[in-house]
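Step one of this worksheet: look at the structure below.
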Number of protein chains: 2
Amino acid sequence: MKSFIDRLIEKVKKKRSHVCVGLDPHLEQLPKHLMNKAREKVKGDNSRQVALGLAIWWFNKTIIDNIYDIAVAVKPQVAFYEKVGSSGMLALKETVQYARQKGLLVILDGKRNDIGSTARAYAEAYLKGQGLDNSIQADAITVNPYLGVDGIKPFIENKENGAFVLIKTSNPSSGDLQDLVLKDGNKLYQKMGQYVSEWGQNSIGENGYSNLGAVVGATYPEELKILRYEMPHSYFLIPGFGVQGGSVLDVVNGFNDDGLGAIVNSSRGIIFAYRREPWSGRFVEKEFGLAARAAALDMKDKINSALGGRR
Amino acid sequence: MKSFIDRLIEKVKKKRSHVCVGLDPHLEQLPKHLMNKAREKVKGDNSRQVALGLAIWWFNKTIIDNIYDIAVAVKPQVAFYEKVGSSGMLALKETVQYARQKGLLVILDGKRNDIGSTARAYAEAYLKGQGLDNSIQADAITVNPYLGVDGIKPFIENKENGAFVLIKTSNPSSGDLQDLVLKDGNKLYQKMGQYVSEWGQNSIGENGYSNLGAVVGATYPEELKILRYEMPHSYFLIPGFGVQGGSVLDVVNGFNDDGLGAIVNSSRGIIFAYRREPWSGRFVEKEFGLAARAAALDMKDKINSALGGRR
């Protein structure tokens, strides 16, 4: 199989899309009709958990059915599945499998960080081709660099798999650590960007990008610009678009002149579009899939327009 | 219920022990008779995964039965359970429940790091009193500070629960990021220590220690000494003792003059003691529980001797 990054770029070109859809099933926001149907179907021990898992899976399936031709990847946030215990993990497994069947790449957002045998255990738990028969088989995973290179390498040992390292995250307090100024005048996130460039040198594919990418938030457009310059061969996964505040003009800072170099993630802005303006006026709750489709299409077109001549 | 940190200190005093046992069930090291027995018992779909989960649970139960009166806490490394999918997570749930029944505190080693609603989802997934009926109910969790305070606060909102923040980890490449020198001359791990001290100020219990603790590796004794001085109210969880190379003289650097301030973790050195000198000469594989007991007792006594007059 081709390397992760070449498969990603192939999809980007073919679909003319840089959209990643975050599958973060906030339980309290799931459509009521799905929850009711799941509760009716499931009786007995642990029925609440099992019903929640089922509702999540149905929800994700509808989202995927509506966006698979628009997006290049989905990004399930593992915490929301872990929260529902083994039923949630089963829903995650089904979601990953289905998304791949529908031609989407799956980036598992777990922000894992551990070393040696433990990092290897995570790679085996979550990445395709590395795990037990029955494990979750994603294409890539997000990882946290606090432990240094020991915590990164095991995730890119197999070229089928990619990893996106947290560099500059989209949250308000991301500067506590990431913006600390080092002795040489660089900020910490810049240094981490340099590290990730180095660590990814041996995993560069046919298109000139590495299997080791970076997470850089849309909410920090200046930092995005700096990192884009310093990390020419790293693909960026850009969260924070839309509901969190990142605009289309912000995210274009994450792209190279070849029109490549970044995929942009939106979670709530797409999967719960039916609850938000302007889509809430056009779609009712039962039409959450159609609302997601409309929002994803809108996002795709806006990014493509903003990129303009770059592609 | 008393705060996490006061419950921990109560156990430390009552048991005269600073020992934490890491429950990291490396599949390839599990005793063969347990694996065989589990395989015989389980037939049908997914039988390999279910058998692995069962073997892990039996293994952990025997370890707990042999060390519950010697250790104050157990620290399951979540990756090893996730690796076995939903069967592994069930084994983790049973382990956590049983360890608590036997009077041990449970520190889940998941190194989680996320923000806002996602961090909250993790707290609900893993901490007692915050989750769904059926969730895992640990006392504390390890967290990674790369995202800043947004990623820490949700784990200590409930005083029943504690969190240990990674500050200086025990692995060889921990310096890549943690030892970077800042403009003010401090190293990054020192700055993180100062942050964690501040963030934990509002969670100080009856004994003068905070519910927000720190992970500091035994393999970096100088850093342990520096952090002990800079973080007088933070309890340390010290990994890296034994097999990873940290000695008894190294770990005493993590204690305050009151004989408190740290618990020391050993994983392979205890749970797989039967495979290692000097215990492998005295115990056969089937006696892995007795070997673990002997190793835990030895560790407890050595730490207490080294602390000497401090308690």
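Convention: chains lettered A, B, ... in structure tokens order; per-chain residue numbering from 1; ligands numbered from 1 as shown.
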
query: Leaving out segment 68-78 of chain A and any residue of its chain fewer than 4 positions from it, which residues lie within 6 Å of it when counting only C-alpha atoms, given as a list in words?
result: Lys11, Val19, Cys20, Val21, Gly22, Leu23, Asp24, Ile64, Leu104, Leu105, Val106, Ile107, Leu108, Asp109 and Gly110 of chain A

Could you save the residues just selected, with N, CA, C and O atoms, as a PDB file, in the first residue's frame?
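Result written to again-v1.pdb:
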```pdb
ATOM      1  N   LYS A  11      -6.162  11.788  -2.436  1.00  0.00           N
ATOM      2  CA  LYS A  11      -7.573  12.111  -2.186  1.00  0.00           C
ATOM      3  C   LYS A  11      -7.819  13.616  -2.287  1.00  0.00           C
ATOM      4  O   LYS A  11      -8.847  14.053  -2.795  1.00  0.00           O
ATOM      5  N   VAL A  19     -10.923  19.247   3.252  1.00  0.00           N
ATOM      6  CA  VAL A  19     -11.816  19.201   4.420  1.00  0.00           C
ATOM      7  C   VAL A  19     -11.667  17.900   5.198  1.00  0.00           C
ATOM      8  O   VAL A  19     -11.675  16.807   4.627  1.00  0.00           O
ATOM      9  N   CYS A  20     -11.517  18.048   6.507  1.00  0.00           N
ATOM     10  CA  CYS A  20     -11.551  16.915   7.438  1.00  0.00           C
ATOM     11  C   CYS A  20     -12.733  17.152   8.374  1.00  0.00           C
ATOM     12  O   CYS A  20     -12.925  18.263   8.870  1.00  0.00           O
ATOM     13  N   VAL A  21     -13.529  16.120   8.587  1.00  0.00           N
ATOM     14  CA  VAL A  21     -14.708  16.274   9.448  1.00  0.00           C
ATOM     15  C   VAL A  21     -14.449  15.598  10.797  1.00  0.00           C
ATOM     16  O   VAL A  21     -14.152  14.409  10.868  1.00  0.00           O
ATOM     17  N   GLY A  22     -14.535  16.388  11.856  1.00  0.00           N
ATOM     18  CA  GLY A  22     -14.308  15.867  13.210  1.00  0.00           C
ATOM     19  C   GLY A  22     -15.536  15.160  13.737  1.00  0.00           C
ATOM     20  O   GLY A  22     -16.610  15.754  13.818  1.00  0.00           O
ATOM     21  N   LEU A  23     -15.386  13.882  14.066  1.00  0.00           N
ATOM     22  CA  LEU A  23     -16.518  13.111  14.588  1.00  0.00           C
ATOM     23  C   LEU A  23     -16.457  13.100  16.120  1.00  0.00           C
ATOM     24  O   LEU A  23     -15.937  12.170  16.727  1.00  0.00           O
ATOM     25  N   ASP A  24     -16.967  14.161  16.711  1.00  0.00           N
ATOM     26  CA  ASP A  24     -16.948  14.330  18.172  1.00  0.00           C
ATOM     27  C   ASP A  24     -18.382  14.253  18.686  1.00  0.00           C
ATOM     28  O   ASP A  24     -19.043  15.278  18.877  1.00  0.00           O
ATOM     29  N   ILE A  64     -21.230  10.223   7.773  1.00  0.00           N
ATOM     30  CA  ILE A  64     -20.302   9.715   6.746  1.00  0.00           C
ATOM     31  C   ILE A  64     -21.007   9.572   5.399  1.00  0.00           C
ATOM     32  O   ILE A  64     -20.479   9.959   4.361  1.00  0.00           O
ATOM     33  N   LEU A 104     -12.748   7.299   2.866  1.00  0.00           N
ATOM     34  CA  LEU A 104     -12.179   8.369   3.692  1.00  0.00           C
ATOM     35  C   LEU A 104     -10.950   7.858   4.440  1.00  0.00           C
ATOM     36  O   LEU A 104     -10.884   6.686   4.812  1.00  0.00           O
ATOM     37  N   LEU A 105      -9.994   8.743   4.675  1.00  0.00           N
ATOM     38  CA  LEU A 105      -8.913   8.397   5.595  1.00  0.00           C
ATOM     39  C   LEU A 105      -9.384   8.703   7.011  1.00  0.00           C
ATOM     40  O   LEU A 105     -10.223   9.579   7.222  1.00  0.00           O
ATOM     41  N   VAL A 106      -8.843   7.948   7.956  1.00  0.00           N
ATOM     42  CA  VAL A 106      -9.254   8.154   9.341  1.00  0.00           C
ATOM     43  C   VAL A 106      -8.048   8.572  10.187  1.00  0.00           C
ATOM     44  O   VAL A 106      -7.049   7.864  10.266  1.00  0.00           O
ATOM     45  N   ILE A 107      -8.173   9.757  10.770  1.00  0.00           N
ATOM     46  CA  ILE A 107      -7.138  10.258  11.679  1.00  0.00           C
ATOM     47  C   ILE A 107      -7.720  10.210  13.084  1.00  0.00           C
ATOM     48  O   ILE A 107      -8.677  10.924  13.401  1.00  0.00           O
ATOM     49  N   LEU A 108      -7.161   9.352  13.906  1.00  0.00           N
ATOM     50  CA  LEU A 108      -7.693   9.189  15.245  1.00  0.00           C
ATOM     51  C   LEU A 108      -7.113  10.281  16.130  1.00  0.00           C
ATOM     52  O   LEU A 108      -5.893  10.416  16.242  1.00  0.00           O
ATOM     53  N   ASP A 109      -7.988  11.067  16.741  1.00  0.00           N
ATOM     54  CA  ASP A 109      -7.498  12.161  17.576  1.00  0.00           C
ATOM     55  C   ASP A 109      -7.445  11.678  19.014  1.00  0.00           C
ATOM     56  O   ASP A 109      -8.416  11.771  19.758  1.00  0.00           O
ATOM     57  N   GLY A 110      -6.301  11.121  19.388  1.00  0.00           N
ATOM     58  CA  GLY A 110      -6.160  10.575  20.731  1.00  0.00           C
ATOM     59  C   GLY A 110      -5.085  11.298  21.502  1.00  0.00           C
ATOM     60  O   GLY A 110      -4.954  11.122  22.704  1.00  0.00           O
TER      61      GLY A 110
END
```

Residue contacts of Phe288 of chain B (12 Å, only C-alpha atoms) excluding same-chain residues fewer than 4 positions away, as a compact mmCIF listing (two decimals) with all heavy atoms, in the first residue's frame:
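This is the output file out06.txt:
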```txt
# COMPACT_ATOMS: atom_id res chain seq x y z
N GLN B 29 4.49 -11.39 28.05
CA GLN B 29 5.13 -11.83 29.29
C GLN B 29 4.16 -12.45 30.29
O GLN B 29 4.55 -12.86 31.37
CB GLN B 29 5.85 -10.63 29.95
CG GLN B 29 7.01 -10.11 29.10
CD GLN B 29 7.84 -9.04 29.82
OE1 GLN B 29 8.02 -9.08 31.04
NE2 GLN B 29 8.34 -8.08 29.08
N LEU B 30 2.88 -12.50 29.93
CA LEU B 30 1.91 -13.10 30.86
C LEU B 30 2.21 -14.59 31.03
O LEU B 30 2.58 -15.27 30.07
CB LEU B 30 0.49 -12.91 30.34
CG LEU B 30 -0.07 -11.48 30.35
CD1 LEU B 30 -1.50 -11.47 29.81
CD2 LEU B 30 -0.05 -10.86 31.76
N PRO B 31 2.06 -15.12 32.25
CA PRO B 31 2.34 -16.54 32.49
C PRO B 31 1.53 -17.43 31.55
O PRO B 31 0.34 -17.23 31.35
CB PRO B 31 1.89 -16.73 33.95
CG PRO B 31 2.02 -15.38 34.56
CD PRO B 31 1.66 -14.41 33.48
N LYS B 32 2.22 -18.43 31.02
CA LYS B 32 1.59 -19.29 30.01
C LYS B 32 0.37 -20.05 30.54
O LYS B 32 -0.60 -20.24 29.83
CB LYS B 32 2.63 -20.26 29.45
CG LYS B 32 3.57 -19.62 28.41
CD LYS B 32 4.58 -20.60 27.86
CE LYS B 32 6.01 -20.46 28.36
NZ LYS B 32 6.46 -19.49 29.34
N HIS B 33 0.44 -20.46 31.82
CA HIS B 33 -0.70 -21.25 32.32
C HIS B 33 -1.99 -20.41 32.35
O HIS B 33 -3.08 -20.92 32.14
CB HIS B 33 -0.39 -21.87 33.69
CG HIS B 33 -0.31 -20.88 34.82
ND1 HIS B 33 0.78 -20.05 35.00
CD2 HIS B 33 -1.18 -20.58 35.81
CE1 HIS B 33 0.57 -19.29 36.08
NE2 HIS B 33 -0.60 -19.60 36.58
N LEU B 34 -1.85 -19.09 32.57
CA LEU B 34 -3.05 -18.24 32.56
C LEU B 34 -3.60 -18.10 31.14
O LEU B 34 -4.82 -18.15 30.91
CB LEU B 34 -2.72 -16.84 33.09
CG LEU B 34 -2.47 -16.68 34.58
CD1 LEU B 34 -2.32 -15.20 34.92
CD2 LEU B 34 -3.61 -17.28 35.40
N TRP B 58 -7.24 -12.01 35.33
CA TRP B 58 -6.77 -13.01 36.31
C TRP B 58 -5.38 -12.66 36.83
O TRP B 58 -5.08 -12.78 38.01
CB TRP B 58 -6.73 -14.40 35.67
CG TRP B 58 -8.08 -15.00 35.41
CD1 TRP B 58 -9.27 -14.66 35.98
CD2 TRP B 58 -8.36 -16.07 34.50
NE1 TRP B 58 -10.28 -15.44 35.47
CE2 TRP B 58 -9.75 -16.33 34.57
CE3 TRP B 58 -7.59 -16.86 33.64
CZ2 TRP B 58 -10.38 -17.32 33.83
CZ3 TRP B 58 -8.21 -17.85 32.89
CH2 TRP B 58 -9.59 -18.08 32.98
N PHE B 59 -4.52 -12.24 35.89
CA PHE B 59 -3.16 -11.87 36.26
C PHE B 59 -3.18 -10.72 37.28
O PHE B 59 -2.58 -10.81 38.35
CB PHE B 59 -2.38 -11.46 35.00
CG PHE B 59 -0.98 -11.00 35.26
CD1 PHE B 59 0.03 -11.91 35.55
CD2 PHE B 59 -0.66 -9.64 35.21
CE1 PHE B 59 1.34 -11.48 35.78
CE2 PHE B 59 0.64 -9.21 35.45
CZ PHE B 59 1.63 -10.13 35.74
N ASN B 60 -3.92 -9.67 36.94
CA ASN B 60 -3.97 -8.50 37.83
C ASN B 60 -4.56 -8.86 39.19
O ASN B 60 -4.10 -8.37 40.22
CB ASN B 60 -4.82 -7.39 37.20
CG ASN B 60 -4.08 -6.68 36.08
OD1 ASN B 60 -2.88 -6.86 35.91
ND2 ASN B 60 -4.79 -5.86 35.33
N LYS B 61 -5.59 -9.71 39.18
CA LYS B 61 -6.23 -10.08 40.45
C LYS B 61 -5.22 -10.77 41.37
O LYS B 61 -5.14 -10.47 42.56
CB LYS B 61 -7.44 -10.98 40.18
CG LYS B 61 -8.16 -11.37 41.46
CD LYS B 61 -9.44 -12.11 41.21
CE LYS B 61 -10.15 -12.45 42.53
NZ LYS B 61 -9.33 -13.23 43.47
N THR B 62 -4.43 -11.67 40.80
CA THR B 62 -3.43 -12.37 41.61
C THR B 62 -2.37 -11.39 42.14
O THR B 62 -1.97 -11.46 43.30
CB THR B 62 -2.76 -13.49 40.79
OG1 THR B 62 -3.78 -14.38 40.36
CG2 THR B 62 -1.72 -14.24 41.60
N ILE B 63 -1.95 -10.48 41.27
CA ILE B 63 -0.98 -9.46 41.73
C ILE B 63 -1.59 -8.66 42.88
O ILE B 63 -0.96 -8.48 43.94
CB ILE B 63 -0.58 -8.51 40.57
CG1 ILE B 63 0.14 -9.26 39.43
CG2 ILE B 63 0.28 -7.36 41.09
CD1 ILE B 63 1.53 -9.76 39.74
N ILE B 64 -2.80 -8.18 42.69
CA ILE B 64 -3.44 -7.36 43.73
C ILE B 64 -3.58 -8.14 45.03
O ILE B 64 -3.29 -7.63 46.12
CB ILE B 64 -4.81 -6.83 43.25
CG1 ILE B 64 -4.60 -5.80 42.13
CG2 ILE B 64 -5.61 -6.22 44.39
CD1 ILE B 64 -5.86 -5.43 41.35
N ASP B 65 -4.01 -9.40 44.95
CA ASP B 65 -4.15 -10.23 46.15
C ASP B 65 -2.83 -10.35 46.91
O ASP B 65 -2.84 -10.54 48.13
CB ASP B 65 -4.64 -11.64 45.77
CG ASP B 65 -6.13 -11.65 45.43
OD1 ASP B 65 -6.86 -10.74 45.89
OD2 ASP B 65 -6.58 -12.58 44.72
N ASN B 66 -1.74 -10.24 46.19
CA ASN B 66 -0.43 -10.42 46.84
C ASN B 66 0.24 -9.12 47.28
O ASN B 66 1.20 -9.17 48.06
CB ASN B 66 0.51 -11.18 45.90
CG ASN B 66 0.26 -12.68 45.95
OD1 ASN B 66 0.69 -13.35 46.89
ND2 ASN B 66 -0.48 -13.20 44.98
N ILE B 67 -0.23 -7.98 46.79
CA ILE B 67 0.47 -6.74 47.16
C ILE B 67 -0.44 -5.71 47.84
O ILE B 67 0.04 -4.65 48.24
CB ILE B 67 1.15 -6.08 45.94
CG1 ILE B 67 0.16 -5.77 44.79
CG2 ILE B 67 2.27 -6.96 45.38
CD1 ILE B 67 -0.47 -4.44 44.83
N ARG B 268 7.32 -3.59 35.78
CA ARG B 268 7.91 -4.90 35.46
C ARG B 268 8.69 -5.49 36.63
O ARG B 268 8.69 -6.69 36.83
CB ARG B 268 8.86 -4.75 34.26
CG ARG B 268 8.15 -4.58 32.96
CD ARG B 268 9.13 -4.17 31.87
NE ARG B 268 9.55 -2.77 32.01
CZ ARG B 268 10.47 -2.19 31.25
NH1 ARG B 268 11.12 -2.88 30.32
NH2 ARG B 268 10.77 -0.92 31.42
N GLY B 269 9.40 -4.64 37.39
CA GLY B 269 10.22 -5.13 38.50
C GLY B 269 9.40 -5.85 39.55
O GLY B 269 9.93 -6.68 40.30
N ILE B 270 8.10 -5.58 39.60
CA ILE B 270 7.24 -6.27 40.56
C ILE B 270 6.36 -7.30 39.87
O ILE B 270 6.42 -8.49 40.21
CB ILE B 270 6.40 -5.25 41.37
CG1 ILE B 270 7.39 -4.43 42.21
CG2 ILE B 270 5.36 -5.96 42.23
CD1 ILE B 270 6.79 -3.59 43.27
N ILE B 271 5.58 -6.87 38.90
CA ILE B 271 4.59 -7.82 38.36
C ILE B 271 5.24 -8.98 37.60
O ILE B 271 4.70 -10.07 37.55
CB ILE B 271 3.50 -7.13 37.52
CG1 ILE B 271 4.06 -6.55 36.22
CG2 ILE B 271 2.77 -6.07 38.34
CD1 ILE B 271 2.96 -6.00 35.29
N PHE B 272 6.40 -8.72 37.01
CA PHE B 272 7.12 -9.81 36.33
C PHE B 272 8.40 -10.17 37.09
O PHE B 272 9.39 -10.60 36.49
CB PHE B 272 7.42 -9.43 34.88
CG PHE B 272 6.18 -9.24 34.05
CD1 PHE B 272 5.93 -8.04 33.41
CD2 PHE B 272 5.23 -10.26 33.93
CE1 PHE B 272 4.77 -7.85 32.64
CE2 PHE B 272 4.08 -10.08 33.17
CZ PHE B 272 3.84 -8.88 32.53
N ALA B 273 8.37 -10.03 38.41
CA ALA B 273 9.56 -10.32 39.24
C ALA B 273 10.02 -11.77 39.02
O ALA B 273 11.22 -12.05 39.03
CB ALA B 273 9.25 -10.08 40.72
N TYR B 274 9.10 -12.68 38.81
CA TYR B 274 9.46 -14.10 38.67
C TYR B 274 10.37 -14.34 37.47
O TYR B 274 11.00 -15.39 37.38
CB TYR B 274 8.19 -14.97 38.57
CG TYR B 274 7.52 -14.90 37.22
CD1 TYR B 274 7.79 -15.85 36.23
CD2 TYR B 274 6.61 -13.89 36.93
CE1 TYR B 274 7.18 -15.78 34.98
CE2 TYR B 274 5.99 -13.82 35.70
CZ TYR B 274 6.28 -14.77 34.73
OH TYR B 274 5.68 -14.69 33.52
N ARG B 275 10.42 -13.38 36.54
CA ARG B 275 11.28 -13.53 35.37
C ARG B 275 12.66 -12.93 35.58
O ARG B 275 13.48 -12.93 34.66
CB ARG B 275 10.64 -12.82 34.16
CG ARG B 275 9.29 -13.38 33.76
CD ARG B 275 8.61 -12.47 32.75
NE ARG B 275 9.29 -12.50 31.47
CZ ARG B 275 8.87 -13.20 30.42
NH1 ARG B 275 7.76 -13.90 30.49
NH2 ARG B 275 9.55 -13.17 29.29
N ARG B 276 12.88 -12.28 36.72
CA ARG B 276 14.11 -11.50 36.91
C ARG B 276 14.87 -11.92 38.17
O ARG B 276 14.28 -12.31 39.16
CB ARG B 276 13.76 -10.02 37.11
CG ARG B 276 13.14 -9.40 35.93
CD ARG B 276 12.61 -8.01 36.18
NE ARG B 276 11.83 -7.65 35.02
CZ ARG B 276 12.35 -7.26 33.86
NH1 ARG B 276 13.64 -7.13 33.74
NH2 ARG B 276 11.57 -7.00 32.83
N TRP B 279 14.65 -12.90 41.95
CA TRP B 279 13.44 -13.68 42.25
C TRP B 279 13.29 -14.90 41.35
O TRP B 279 12.68 -15.90 41.76
CB TRP B 279 12.20 -12.77 42.14
CG TRP B 279 12.45 -11.46 42.81
CD1 TRP B 279 12.61 -10.25 42.19
CD2 TRP B 279 12.64 -11.21 44.22
NE1 TRP B 279 12.88 -9.27 43.11
CE2 TRP B 279 12.91 -9.83 44.36
CE3 TRP B 279 12.61 -12.02 45.36
CZ2 TRP B 279 13.14 -9.24 45.59
CZ3 TRP B 279 12.85 -11.44 46.59
CH2 TRP B 279 13.11 -10.07 46.70
N SER B 280 13.82 -14.83 40.13
CA SER B 280 13.64 -15.95 39.21
C SER B 280 14.28 -17.23 39.76
O SER B 280 13.85 -18.33 39.42
CB SER B 280 14.22 -15.61 37.83
OG SER B 280 15.56 -15.22 37.95
N ARG B 282 14.07 -18.09 42.85
CA ARG B 282 13.29 -18.55 44.00
C ARG B 282 11.85 -18.92 43.67
O ARG B 282 11.19 -19.62 44.45
CB ARG B 282 13.27 -17.45 45.07
CG ARG B 282 14.61 -17.27 45.77
CD ARG B 282 14.59 -16.11 46.75
NE ARG B 282 13.42 -16.13 47.61
CZ ARG B 282 13.05 -15.09 48.38
NH1 ARG B 282 13.75 -13.97 48.35
NH2 ARG B 282 11.98 -15.17 49.14
N PHE B 283 11.36 -18.42 42.55
CA PHE B 283 9.95 -18.66 42.22
C PHE B 283 9.81 -19.16 40.79
O PHE B 283 10.52 -18.70 39.90
CB PHE B 283 9.14 -17.36 42.35
CG PHE B 283 9.14 -16.78 43.74
CD1 PHE B 283 10.02 -15.75 44.08
CD2 PHE B 283 8.29 -17.28 44.72
CE1 PHE B 283 10.04 -15.21 45.35
CE2 PHE B 283 8.29 -16.74 46.01
CZ PHE B 283 9.18 -15.70 46.32
N VAL B 284 8.89 -20.10 40.60
CA VAL B 284 8.59 -20.53 39.23
C VAL B 284 7.44 -19.67 38.68
O VAL B 284 6.83 -18.89 39.42
CB VAL B 284 8.22 -22.03 39.16
CG1 VAL B 284 9.40 -22.89 39.65
CG2 VAL B 284 6.95 -22.33 39.95
N ALA B 292 5.92 -11.37 43.08
CA ALA B 292 5.55 -9.95 43.12
C ALA B 292 5.51 -9.46 44.57
O ALA B 292 5.99 -8.37 44.89
CB ALA B 292 4.19 -9.74 42.45
N ARG B 293 4.97 -10.30 45.45
CA ARG B 293 4.89 -9.93 46.86
C ARG B 293 6.29 -9.72 47.44
O ARG B 293 6.55 -8.73 48.13
CB ARG B 293 4.15 -11.02 47.64
CG ARG B 293 4.02 -10.69 49.11
CD ARG B 293 3.13 -11.66 49.89
NE ARG B 293 3.02 -11.17 51.27
CZ ARG B 293 2.19 -10.21 51.65
NH1 ARG B 293 1.37 -9.66 50.78
NH2 ARG B 293 2.18 -9.77 52.91
N ALA B 294 7.18 -10.66 47.15
CA ALA B 294 8.55 -10.57 47.68
C ALA B 294 9.24 -9.31 47.15
O ALA B 294 9.90 -8.58 47.90
CB ALA B 294 9.35 -11.81 47.28
N ALA B 295 9.05 -9.03 45.86
CA ALA B 295 9.69 -7.85 45.25
C ALA B 295 9.11 -6.56 45.82
O ALA B 295 9.85 -5.60 46.08
CB ALA B 295 9.53 -7.90 43.74
```

Closest of A:Ala214, A:Ile263, A:Val252, A:Ile226 to Lys187 of chain A, counting only C-alpha atoms, is A:Ile226

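Shortest separation to chain A among B:Ser17, B:Gln190, B:Ser305, B:Asn46 occurs at residue B:Asn46, atoms counted being only C-alpha atoms.
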
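Minimum distance to chain A across B:Leu260, B:Leu147, B:Leu27, B:Ala99 (counting only C-alpha atoms) occurs at B:Leu147.
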
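Among the candidates B:Gly162, B:Pro239, B:Gly308, B:Gly246, the residue lying nearest to Gly259 of chain B is B:Gly308 (atoms considered: only C-alpha atoms).
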